[in-house]
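Q: Sending over target34.pdb (PDB, C-alpha atoms, pLDDT in the B column).
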```
ATOM      1  CA  MET A   1      11.070  95.154   1.956  1.00 46.00           C
ATOM      2  CA  GLY A   2       8.341  94.900   4.597  1.00 51.00           C
ATOM      3  CA  ALA A   3       8.323  92.317   7.357  1.00 50.00           C
ATOM      4  CA  SER A   4       6.099  89.314   6.786  1.00 49.00           C
ATOM      5  CA  LEU A   5       2.957  88.978   8.872  1.00 48.00           C
ATOM      6  CA  SER A   6       2.945  86.345  11.606  1.00 47.00           C
ATOM      7  CA  PRO A   7       0.765  83.348  10.712  1.00 51.00           C
ATOM      8  CA  ARG A   8      -0.405  83.166  14.300  1.00 52.00           C
ATOM      9  CA  SER A   9      -3.674  84.849  15.088  1.00 50.00           C
ATOM     10  CA  ALA A  10      -3.739  87.634  17.649  1.00 53.00           C
ATOM     11  CA  GLN A  11      -4.662  86.573  21.185  1.00 58.00           C
ATOM     12  CA  VAL A  12      -7.276  88.466  23.147  1.00 57.00           C
ATOM     13  CA  ILE A  13      -6.157  89.147  26.716  1.00 53.00           C
ATOM     14  CA  ASP A  14      -8.924  89.279  29.294  1.00 45.00           C
ATOM     15  CA  LEU A  15      -7.498  91.824  31.740  1.00 46.00           C
ATOM     16  CA  GLU A  16     -10.262  91.235  34.281  1.00 46.00           C
ATOM     17  CA  THR A  17      -9.453  87.518  34.407  1.00 42.00           C
ATOM     18  CA  VAL A  18      -5.776  88.343  34.877  1.00 39.00           C
ATOM     19  CA  ARG A  19      -6.621  90.716  37.729  1.00 47.00           C
ATOM     20  CA  GLN A  20      -8.803  88.092  39.389  1.00 44.00           C
ATOM     21  CA  ARG A  21      -6.026  85.503  39.191  1.00 44.00           C
ATOM     22  CA  GLN A  22      -3.489  87.933  40.630  1.00 43.00           C
ATOM     23  CA  GLN A  23      -5.887  88.831  43.431  1.00 48.00           C
ATOM     24  CA  ALA A  24      -6.537  85.154  44.169  1.00 47.00           C
ATOM     25  CA  GLN A  25      -2.791  84.631  44.631  1.00 54.00           C
ATOM     26  CA  LYS A  26      -2.839  87.280  47.361  1.00 79.00           C
ATOM     27  CA  CYS A  27      -5.685  85.604  49.284  1.00 94.00           C
ATOM     28  CA  LEU A  28      -4.856  84.381  52.777  1.00 96.00           C
ATOM     29  CA  THR A  29      -4.934  80.631  53.331  1.00 96.00           C
ATOM     30  CA  ARG A  30      -3.636  80.324  56.901  1.00 97.00           C
ATOM     31  CA  LEU A  31      -3.119  82.506  59.990  1.00 98.00           C
ATOM     32  CA  ALA A  32      -0.707  82.278  62.922  1.00 97.00           C
ATOM     33  CA  PRO A  33      -1.108  84.551  65.977  1.00 97.00           C
ATOM     34  CA  GLU A  34       1.942  86.605  66.941  1.00 97.00           C
ATOM     35  CA  LEU A  35       2.888  85.470  70.440  1.00 95.00           C
ATOM     36  CA  ASP A  36       6.396  86.909  70.857  1.00 95.00           C
ATOM     37  CA  GLY A  37       5.603  90.625  70.865  1.00 96.00           C
ATOM     38  CA  LEU A  38       6.963  91.502  67.418  1.00 97.00           C
ATOM     39  CA  GLU A  39       5.888  94.934  66.211  1.00 97.00           C
ATOM     40  CA  MET A  40       5.252  96.803  63.005  1.00 97.00           C
ATOM     41  CA  VAL A  41       7.233 100.047  62.676  1.00 97.00           C
ATOM     42  CA  TYR A  42       5.651 102.947  60.803  1.00 95.00           C
ATOM     43  CA  GLN A  43       6.213 106.634  60.240  1.00 94.00           C
ATOM     44  CA  LEU A  44       3.972 109.694  59.913  1.00 90.00           C
ATOM     45  CA  ASP A  45       4.566 112.520  57.453  1.00 87.00           C
ATOM     46  CA  THR A  46       3.570 114.983  60.162  1.00 85.00           C
ATOM     47  CA  ASP A  47       6.332 113.660  62.436  1.00 87.00           C
ATOM     48  CA  PRO A  48       9.221 112.531  60.199  1.00 86.00           C
ATOM     49  CA  GLU A  49      11.742 112.570  63.047  1.00 90.00           C
ATOM     50  CA  ASN A  50      10.060 109.737  64.954  1.00 93.00           C
ATOM     51  CA  TYR A  51       9.068 106.128  64.387  1.00 93.00           C
ATOM     52  CA  TYR A  52       6.064 104.401  65.907  1.00 93.00           C
ATOM     53  CA  GLY A  53       5.471 100.780  66.864  1.00 95.00           C
ATOM     54  CA  MET A  54       2.281  98.743  66.749  1.00 95.00           C
ATOM     55  CA  PRO A  55       2.014  95.105  67.891  1.00 97.00           C
ATOM     56  CA  VAL A  56       1.541  92.611  65.069  1.00 98.00           C
ATOM     57  CA  LEU A  57      -1.700  90.679  65.588  1.00 98.00           C
ATOM     58  CA  ALA A  58      -0.926  87.716  63.335  1.00 98.00           C
ATOM     59  CA  TRP A  59       0.973  86.457  60.316  1.00 98.00           C
ATOM     60  CA  GLY A  60      -0.813  85.289  57.195  1.00 98.00           C
ATOM     61  CA  LEU A  61       0.192  82.833  54.485  1.00 98.00           C
ATOM     62  CA  ARG A  62      -0.986  83.864  51.029  1.00 97.00           C
ATOM     63  CA  GLU A  63      -1.908  81.628  48.118  1.00 95.00           C
ATOM     64  CA  ASP A  64       1.329  82.623  46.360  1.00 95.00           C
ATOM     65  CA  GLY A  65       3.393  81.357  49.312  1.00 96.00           C
ATOM     66  CA  GLN A  66       4.322  84.757  50.742  1.00 97.00           C
ATOM     67  CA  VAL A  67       3.943  85.571  54.438  1.00 98.00           C
ATOM     68  CA  VAL A  68       2.631  88.962  55.576  1.00 98.00           C
ATOM     69  CA  GLY A  69       2.280  90.612  58.949  1.00 98.00           C
ATOM     70  CA  LEU A  70      -1.290  91.634  59.820  1.00 98.00           C
ATOM     71  CA  ILE A  71      -2.672  94.432  61.996  1.00 97.00           C
ATOM     72  CA  PRO A  72      -6.191  95.768  62.629  1.00 96.00           C
ATOM     73  CA  TRP A  73      -5.992  99.075  60.742  1.00 92.00           C
ATOM     74  CA  MET A  74      -8.868 101.405  59.975  1.00 90.00           C
ATOM     75  CA  GLU A  75     -11.638  99.258  58.451  1.00 92.00           C
ATOM     76  CA  THR A  76     -10.012  95.852  58.097  1.00 93.00           C
ATOM     77  CA  LEU A  77      -7.225  93.456  59.050  1.00 95.00           C
ATOM     78  CA  THR A  78      -4.455  94.833  56.851  1.00 96.00           C
ATOM     79  CA  PRO A  79      -1.082  93.483  55.660  1.00 97.00           C
ATOM     80  CA  CYS A  80       1.552  95.696  57.245  1.00 97.00           C
ATOM     81  CA  HIS A  81       3.532  96.286  54.056  1.00 96.00           C
ATOM     82  CA  LEU A  82       0.469  97.857  52.389  1.00 95.00           C
ATOM     83  CA  LEU A  83       0.406 100.798  54.790  1.00 95.00           C
ATOM     84  CA  ASP A  84       1.300 103.747  52.583  1.00 92.00           C
ATOM     85  CA  SER A  85      -0.728 106.706  53.804  1.00 84.00           C
ATOM     86  CA  HIS A  86       0.806 110.132  54.229  1.00 75.00           C
ATOM     87  CA  GLU A  87      -1.808 110.941  56.890  1.00 77.00           C
ATOM     88  CA  ASN A  88      -2.175 107.671  58.800  1.00 81.00           C
ATOM     89  CA  GLY A  89       1.216 106.032  58.429  1.00 90.00           C
ATOM     90  CA  CYS A  90       3.762 104.413  56.112  1.00 95.00           C
ATOM     91  CA  PHE A  91       5.262 100.982  56.734  1.00 96.00           C
ATOM     92  CA  VAL A  92       8.950 100.926  57.640  1.00 96.00           C
ATOM     93  CA  GLY A  93       9.547  97.367  58.825  1.00 97.00           C
ATOM     94  CA  TYR A  94       9.175  94.964  61.728  1.00 98.00           C
ATOM     95  CA  ARG A  95      10.850  95.200  65.134  1.00 97.00           C
ATOM     96  CA  ASP A  96      11.850  92.724  67.780  1.00 96.00           C
ATOM     97  CA  PRO A  97      11.515  94.687  71.066  1.00 94.00           C
ATOM     98  CA  GLU A  98      13.819  92.267  72.870  1.00 94.00           C
ATOM     99  CA  THR A  99      16.786  92.697  70.521  1.00 94.00           C
ATOM    100  CA  GLU A 100      15.819  96.106  69.030  1.00 93.00           C
ATOM    101  CA  GLU A 101      16.427  94.575  65.588  1.00 95.00           C
ATOM    102  CA  ILE A 102      14.440  96.069  62.701  1.00 95.00           C
ATOM    103  CA  PHE A 103      13.850  93.978  59.576  1.00 96.00           C
ATOM    104  CA  THR A 104      11.758  94.476  56.442  1.00 95.00           C
ATOM    105  CA  GLU A 105      10.647  90.884  55.805  1.00 96.00           C
ATOM    106  CA  PRO A 106       8.585  88.577  58.065  1.00 97.00           C
ATOM    107  CA  PRO A 107      10.675  86.169  60.185  1.00 95.00           C
ATOM    108  CA  GLU A 108      11.618  82.971  58.369  1.00 95.00           C
ATOM    109  CA  HIS A 109      10.323  80.782  61.200  1.00 96.00           C
ATOM    110  CA  LYS A 110       6.805  82.131  60.565  1.00 97.00           C
ATOM    111  CA  TRP A 111       6.971  80.846  56.981  1.00 96.00           C
ATOM    112  CA  HIS A 112       7.880  77.377  58.239  1.00 97.00           C
ATOM    113  CA  GLU A 113       5.138  77.488  60.878  1.00 97.00           C
ATOM    114  CA  LEU A 114       2.449  78.583  58.431  1.00 98.00           C
ATOM    115  CA  THR A 115       3.373  76.302  55.544  1.00 97.00           C
ATOM    116  CA  SER A 116       3.571  73.290  57.851  1.00 97.00           C
ATOM    117  CA  ALA A 117       0.130  74.063  59.275  1.00 96.00           C
ATOM    118  CA  ALA A 118      -1.315  74.678  55.807  1.00 95.00           C
ATOM    119  CA  ASP A 119      -0.010  71.307  54.622  1.00 94.00           C
ATOM    120  CA  TYR A 120      -1.485  69.566  57.655  1.00 94.00           C
ATOM    121  CA  PHE A 121      -4.880  71.287  57.449  1.00 91.00           C
ATOM    122  CA  ASP A 122      -5.362  70.730  53.733  1.00 84.00           C
ATOM    123  CA  TYR A 123      -8.950  71.836  53.144  1.00 80.00           C
ATOM    124  CA  GLU A 124     -10.859  70.693  50.091  1.00 78.00           C
ATOM    125  CA  VAL A 125     -11.739  73.378  47.569  1.00 78.00           C
ATOM    126  CA  SER A 126     -15.450  74.173  47.595  1.00 79.00           C
ATOM    127  CA  GLN A 127     -17.684  76.560  45.686  1.00 83.00           C
ATOM    128  CA  GLU A 128     -19.349  77.492  48.969  1.00 92.00           C
ATOM    129  CA  ILE A 129     -17.569  79.976  51.231  1.00 93.00           C
ATOM    130  CA  THR A 130     -16.695  78.198  54.471  1.00 94.00           C
ATOM    131  CA  LEU A 131     -14.940  79.013  57.727  1.00 95.00           C
ATOM    132  CA  ILE A 132     -11.475  77.467  57.747  1.00 94.00           C
ATOM    133  CA  GLN A 133      -9.797  78.992  60.813  1.00 96.00           C
ATOM    134  CA  GLN A 134     -10.379  81.061  63.957  1.00 97.00           C
ATOM    135  CA  ILE A 135      -7.689  82.825  65.969  1.00 98.00           C
ATOM    136  CA  PRO A 136      -8.081  84.808  69.215  1.00 97.00           C
ATOM    137  CA  ASP A 137      -7.362  88.519  69.452  1.00 97.00           C
ATOM    138  CA  MET A 138      -4.592  88.942  72.025  1.00 95.00           C
ATOM    139  CA  LEU A 139      -4.161  92.715  71.656  1.00 95.00           C
ATOM    140  CA  GLY A 140      -7.400  94.039  73.095  1.00 96.00           C
ATOM    141  CA  THR A 141      -8.532  95.324  69.706  1.00 97.00           C
ATOM    142  CA  HIS A 142     -11.872  97.153  69.698  1.00 96.00           C
ATOM    143  CA  ALA A 143     -14.319  97.708  66.852  1.00 95.00           C
ATOM    144  CA  LEU A 144     -16.259 100.918  66.432  1.00 92.00           C
ATOM    145  CA  CYS A 145     -19.570  99.745  64.958  1.00 92.00           C
ATOM    146  CA  MET A 146     -21.613 102.284  62.998  1.00 84.00           C
ATOM    147  CA  ASP A 147     -24.884 100.897  61.718  1.00 82.00           C
ATOM    148  CA  SER A 148     -26.463 104.117  60.435  1.00 73.00           C
ATOM    149  CA  THR A 149     -26.427 107.854  60.975  1.00 65.00           C
ATOM    150  CA  LYS A 150     -29.625 107.545  63.035  1.00 72.00           C
ATOM    151  CA  THR A 151     -28.278 105.085  65.586  1.00 74.00           C
ATOM    152  CA  PRO A 152     -25.467 105.675  68.102  1.00 80.00           C
ATOM    153  CA  TRP A 153     -22.131 104.007  67.488  1.00 84.00           C
ATOM    154  CA  GLN A 154     -20.986 101.128  69.655  1.00 89.00           C
ATOM    155  CA  MET A 155     -17.475 100.299  70.823  1.00 92.00           C
ATOM    156  CA  LYS A 156     -17.142  96.526  71.180  1.00 95.00           C
ATOM    157  CA  PRO A 157     -14.117  94.369  72.060  1.00 96.00           C
ATOM    158  CA  VAL A 158     -12.871  91.998  69.372  1.00 98.00           C
ATOM    159  CA  TYR A 159     -12.606  88.434  70.682  1.00 98.00           C
ATOM    160  CA  GLY A 160     -11.135  86.803  67.603  1.00 98.00           C
ATOM    161  CA  TRP A 161     -10.884  86.652  63.835  1.00 98.00           C
ATOM    162  CA  ASN A 162     -12.430  84.308  61.271  1.00 98.00           C
ATOM    163  CA  LEU A 163     -10.577  83.283  58.120  1.00 97.00           C
ATOM    164  CA  TYR A 164     -12.860  82.143  55.312  1.00 96.00           C
ATOM    165  CA  SER A 165     -12.140  79.977  52.286  1.00 94.00           C
ATOM    166  CA  ASP A 166     -12.291  82.996  49.950  1.00 93.00           C
ATOM    167  CA  GLY A 167      -9.400  84.612  51.836  1.00 94.00           C
ATOM    168  CA  ASN A 168     -11.485  87.193  53.681  1.00 95.00           C
ATOM    169  CA  VAL A 169     -10.967  87.804  57.392  1.00 97.00           C
ATOM    170  CA  ASP A 170     -13.659  89.157  59.708  1.00 97.00           C
ATOM    171  CA  ALA A 171     -13.705  90.143  63.365  1.00 98.00           C
ATOM    172  CA  LEU A 172     -15.652  88.225  66.003  1.00 98.00           C
ATOM    173  CA  LEU A 173     -17.803  90.338  68.316  1.00 98.00           C
ATOM    174  CA  ALA A 174     -20.108  89.343  71.163  1.00 98.00           C
ATOM    175  CA  ASP A 175     -23.831  89.760  71.634  1.00 96.00           C
ATOM    176  CA  GLU A 176     -23.734  90.456  75.356  1.00 93.00           C
ATOM    177  CA  ASP A 177     -27.405  89.538  75.770  1.00 95.00           C
ATOM    178  CA  LYS A 178     -26.587  85.983  74.676  1.00 96.00           C
ATOM    179  CA  ALA A 179     -23.443  85.557  76.769  1.00 96.00           C
ATOM    180  CA  THR A 180     -23.886  82.881  79.440  1.00 94.00           C
ATOM    181  CA  MET A 181     -20.294  82.450  80.653  1.00 93.00           C
ATOM    182  CA  THR A 182     -17.286  84.625  81.354  1.00 92.00           C
ATOM    183  CA  PRO A 183     -14.708  85.099  80.043  1.00 94.00           C
ATOM    184  CA  ILE A 184     -16.052  84.906  76.491  1.00 96.00           C
ATOM    185  CA  LEU A 185     -14.008  82.438  74.431  1.00 96.00           C
ATOM    186  CA  LEU A 186     -13.856  81.324  70.821  1.00 96.00           C
ATOM    187  CA  GLY A 187     -16.660  78.919  70.107  1.00 95.00           C
ATOM    188  CA  ASP A 188     -19.176  80.581  72.427  1.00 96.00           C
ATOM    189  CA  ASN A 189     -22.643  80.934  70.934  1.00 96.00           C
ATOM    190  CA  CYS A 190     -22.781  84.643  71.690  1.00 97.00           C
ATOM    191  CA  LEU A 191     -20.058  85.444  69.149  1.00 98.00           C
ATOM    192  CA  TYR A 192     -20.942  86.661  65.671  1.00 97.00           C
ATOM    193  CA  SER A 193     -19.169  87.810  62.525  1.00 97.00           C
ATOM    194  CA  ALA A 194     -18.904  91.605  62.622  1.00 97.00           C
ATOM    195  CA  ARG A 195     -19.740  92.194  58.951  1.00 94.00           C
ATOM    196  CA  SER A 196     -22.948  90.192  59.296  1.00 94.00           C
ATOM    197  CA  ARG A 197     -24.469  92.933  61.480  1.00 93.00           C
ATOM    198  CA  HIS A 198     -22.455  96.102  61.080  1.00 94.00           C
ATOM    199  CA  PRO A 199     -22.021  97.712  57.642  1.00 91.00           C
ATOM    200  CA  LYS A 200     -19.342 100.129  58.872  1.00 90.00           C
ATOM    201  CA  LEU A 201     -16.462  99.221  61.170  1.00 93.00           C
ATOM    202  CA  TYR A 202     -13.300 100.896  62.367  1.00 93.00           C
ATOM    203  CA  PHE A 203     -10.679  99.081  64.428  1.00 95.00           C
ATOM    204  CA  PHE A 204      -8.673 100.648  67.237  1.00 92.00           C
ATOM    205  CA  GLN A 205      -5.965  99.544  69.612  1.00 90.00           C
ATOM    206  CA  ARG A 206      -6.966  99.106  73.235  1.00 91.00           C
ATOM    207  CA  HIS A 207      -5.526 102.402  74.508  1.00 88.00           C
ATOM    208  CA  ILE A 208      -7.217 104.419  71.751  1.00 85.00           C
ATOM    209  CA  ALA A 209     -10.519 102.598  72.323  1.00 86.00           C
ATOM    210  CA  ASN A 210     -10.379 103.488  76.016  1.00 85.00           C
ATOM    211  CA  ARG A 211      -9.782 107.142  75.203  1.00 85.00           C
ATOM    212  CA  ILE A 212     -12.869 107.073  72.969  1.00 82.00           C
ATOM    213  CA  LEU A 213     -14.931 105.419  75.711  1.00 81.00           C
ATOM    214  CA  GLU A 214     -13.693 108.024  78.185  1.00 83.00           C
ATOM    215  CA  GLU A 215     -14.732 110.712  75.668  1.00 81.00           C
ATOM    216  CA  ASP A 216     -11.288 112.287  75.515  1.00 83.00           C
ATOM    217  CA  PRO A 217     -11.876 115.526  73.517  1.00 82.00           C
ATOM    218  CA  ALA A 218      -8.795 115.292  71.297  1.00 79.00           C
ATOM    219  CA  THR A 219      -9.467 111.632  70.509  1.00 76.00           C
ATOM    220  CA  LEU A 220     -13.128 112.288  69.682  1.00 78.00           C
ATOM    221  CA  GLU A 221     -12.112 115.140  67.386  1.00 79.00           C
ATOM    222  CA  ALA A 222      -9.716 112.852  65.515  1.00 73.00           C
ATOM    223  CA  LEU A 223     -12.398 110.164  65.393  1.00 73.00           C
ATOM    224  CA  ALA A 224     -14.847 112.578  63.800  1.00 73.00           C
ATOM    225  CA  LEU A 225     -12.360 113.372  61.036  1.00 69.00           C
ATOM    226  CA  ILE A 226     -11.733 109.688  60.315  1.00 67.00           C
ATOM    227  CA  ALA A 227     -15.083 107.994  60.768  1.00 63.00           C
ATOM    228  CA  ILE A 228     -18.044 110.305  61.037  1.00 57.00           C
ATOM    229  CA  PRO A 229     -17.966 111.864  57.529  1.00 49.00           C
ATOM    230  CA  SER A 230     -17.979 108.460  55.838  1.00 47.00           C
ATOM    231  CA  ALA A 231     -20.717 106.949  57.978  1.00 41.00           C
ATOM    232  CA  PRO A 232     -23.739 105.760  55.931  1.00 43.00           C
TER     233      PRO A 232
END
```
Have the structure of the file written as structure tokens, please.
A:
Amino acid sequence: MGASLSPRSAQVIDLETVRQRQQAQKCLTRLAPELDGLEMVYQLDTDPENYYGMPVLAWGLREDGQVVGLIPWMETLTPCHLLDSHENGCFVGYRDPETEEIFTEPPEHKWHELTSAADYFDYEVSQEITLIQQIPDMLGTHALCMDSTKTPWQMKPVYGWNLYSDGNVDALLADEDKATMTPILLGDNCLYSARSRHPKLYFFQRHIANRILEEDPATLEALALIAIPSAP
């Protein structure tokens, strides 16, 4: 005897809506600069015997309540745990240089710091994308700005990072022609959002940026493999 049909009608699942909701839960809602020197540890397939450390720039609180470590990586500010590239690096964990401890989850005190700040700065939801937070860049991060194949690239220091209400984060660069005071600080009129002027960006740590500026042959060769082929 066959099973009876369910009286309930079939439900249509909108997969795109589900994806959008899941993505919204991963959006950043608050940032906290890393001030204690904690690092991200990663490994390269080409050098499996060694581990490498990179300073964490900041910690981010997501809409779903999770905290993630953030580093300037390639073209964007990237959650550390998402690094999974055989060529460029795979995430291993976080490291406290003072104690040599390695751990896989962000420190619990960062969750308390971020959630407390998010509760205090409770911004109203708006249809318009607005700036909700700025943090300084303490690592000497530099942005390689590539506007087109017909114009030379520029290496510019990153002064800070903007967090917007849609969860996107963008670097703050300076228009040197408009700078009236030194040092340049957050809030100065000469600062602008990097994506508003430069369609292609790559971020580098200070020591790598200096090698590029010094035109170190090996560094420029590696740069060409990473950036030049994908330039517009």
Q: Check which residues satisfy the PyMOL selection byres ((chain A and resi 73) around 12) in the file shown, then give them as a short mmCIF file (atom, residue, chain, number, x, y, z; two decimals) with C-alpha atoms, in the frame of the given file.
A:
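Wrote it out as expr38.cif, contents follow:
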```
data_model
loop_
_atom_site.label_atom_id
_atom_site.label_comp_id
_atom_site.auth_asym_id
_atom_site.auth_seq_id
_atom_site.Cartn_x
_atom_site.Cartn_y
_atom_site.Cartn_z
CA MET A 40 5.25 96.80 63.00
CA MET A 54 2.28 98.74 66.75
CA PRO A 55 2.01 95.10 67.89
CA VAL A 56 1.54 92.61 65.07
CA LEU A 57 -1.70 90.68 65.59
CA GLY A 69 2.28 90.61 58.95
CA LEU A 70 -1.29 91.63 59.82
CA ILE A 71 -2.67 94.43 62.00
CA PRO A 72 -6.19 95.77 62.63
CA MET A 74 -8.87 101.40 59.98
CA GLU A 75 -11.64 99.26 58.45
CA THR A 76 -10.01 95.85 58.10
CA LEU A 77 -7.22 93.46 59.05
CA THR A 78 -4.46 94.83 56.85
CA PRO A 79 -1.08 93.48 55.66
CA CYS A 80 1.55 95.70 57.24
CA HIS A 81 3.53 96.29 54.06
CA LEU A 82 0.47 97.86 52.39
CA LEU A 83 0.41 100.80 54.79
CA ASP A 84 1.30 103.75 52.58
CA SER A 85 -0.73 106.71 53.80
CA ASN A 88 -2.17 107.67 58.80
CA GLY A 89 1.22 106.03 58.43
CA THR A 141 -8.53 95.32 69.71
CA HIS A 142 -11.87 97.15 69.70
CA ALA A 143 -14.32 97.71 66.85
CA LEU A 144 -16.26 100.92 66.43
CA LEU A 201 -16.46 99.22 61.17
CA TYR A 202 -13.30 100.90 62.37
CA PHE A 203 -10.68 99.08 64.43
CA PHE A 204 -8.67 100.65 67.24
CA GLN A 205 -5.96 99.54 69.61
#
```
Q: Using the chain letters and numbers from the file, give me the residues hit by the PyMOL selection byres ((chain A and resi 92-107) around 7), as a PDB file with C-alpha atoms, in the coordinates of the input.
A:
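Ended up saving to result-v4.pdb:
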```pdb
ATOM      1  CA  LEU A  38       6.963  91.502  67.418  1.00 97.00           C
ATOM      2  CA  GLU A  39       5.888  94.934  66.211  1.00 97.00           C
ATOM      3  CA  MET A  40       5.252  96.803  63.005  1.00 97.00           C
ATOM      4  CA  VAL A  41       7.233 100.047  62.676  1.00 97.00           C
ATOM      5  CA  TYR A  42       5.651 102.947  60.803  1.00 95.00           C
ATOM      6  CA  GLN A  43       6.213 106.634  60.240  1.00 94.00           C
ATOM      7  CA  VAL A  67       3.943  85.571  54.438  1.00 98.00           C
ATOM      8  CA  VAL A  68       2.631  88.962  55.576  1.00 98.00           C
ATOM      9  CA  GLY A  69       2.280  90.612  58.949  1.00 98.00           C
ATOM     10  CA  CYS A  90       3.762 104.413  56.112  1.00 95.00           C
ATOM     11  CA  PHE A  91       5.262 100.982  56.734  1.00 96.00           C
ATOM     12  CA  GLU A 108      11.618  82.971  58.369  1.00 95.00           C
ATOM     13  CA  HIS A 109      10.323  80.782  61.200  1.00 96.00           C
ATOM     14  CA  LYS A 110       6.805  82.131  60.565  1.00 97.00           C
TER      15      LYS A 110
END
```
Q: Interatomic distance between atom CA of A:Ser165 and atom CA of A:Ala118?
A: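 If I compute the distance from atom CA of A:Ser165 to atom CA of A:Ala118, I get 12.6 Å.
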Q: Measure the distance from atom CA of A:Glu63 to atom CA of A:Ala171 in Å and round it to one decimal.
A: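 Separating atom CA of A:Glu63 from atom CA of A:Ala171 is a distance of 21.1 Å.
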Q: Between A:Tyr164, A:Leu139, A:Trp111, A:Lys26, single out the one closest to A:Ser126, counting all atoms listed in the file.
A: A:Tyr164
Q: Once the PyMOL selection byres ((chain A and resi 132-138) around 10) has been applied to the shown file, what residues remain in the selection, as a count of residues only?
A: 39
Q: Would you please work out which residue, of A:His86, A:Arg197, A:Leu28, A:Asp64, is nearest to A:Asp47 when using all atoms listed in the file?
A: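 Of A:His86, A:Arg197, A:Leu28, A:Asp64, the one nearest A:Asp47 is A:His86, counting all atoms listed in the file.
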Q: Which distance in Å separates atom CA of A:Leu220 and atom CA of A:Pro152, to one decimal?
A: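 Atom CA of A:Pro152 lies at a distance of 14.1 Å from atom CA of A:Leu220.
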Q: For A:Asn189, please output as a PyMOL selection string all residues within 8 Å (counting only C-alpha atoms; exclusion window: fewer than 2 positions along the same chain).
A: chain A and resi 178-179+187+191-192
Q: Pick the closest to A:Gln154 from A:Pro217, A:Gly65, A:Ser116, A:Asp175: which is it, counting all atoms listed in the file?
A: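 Comparing A:Pro217, A:Gly65, A:Ser116, A:Asp175 against A:Gln154, the winner is A:Asp175.
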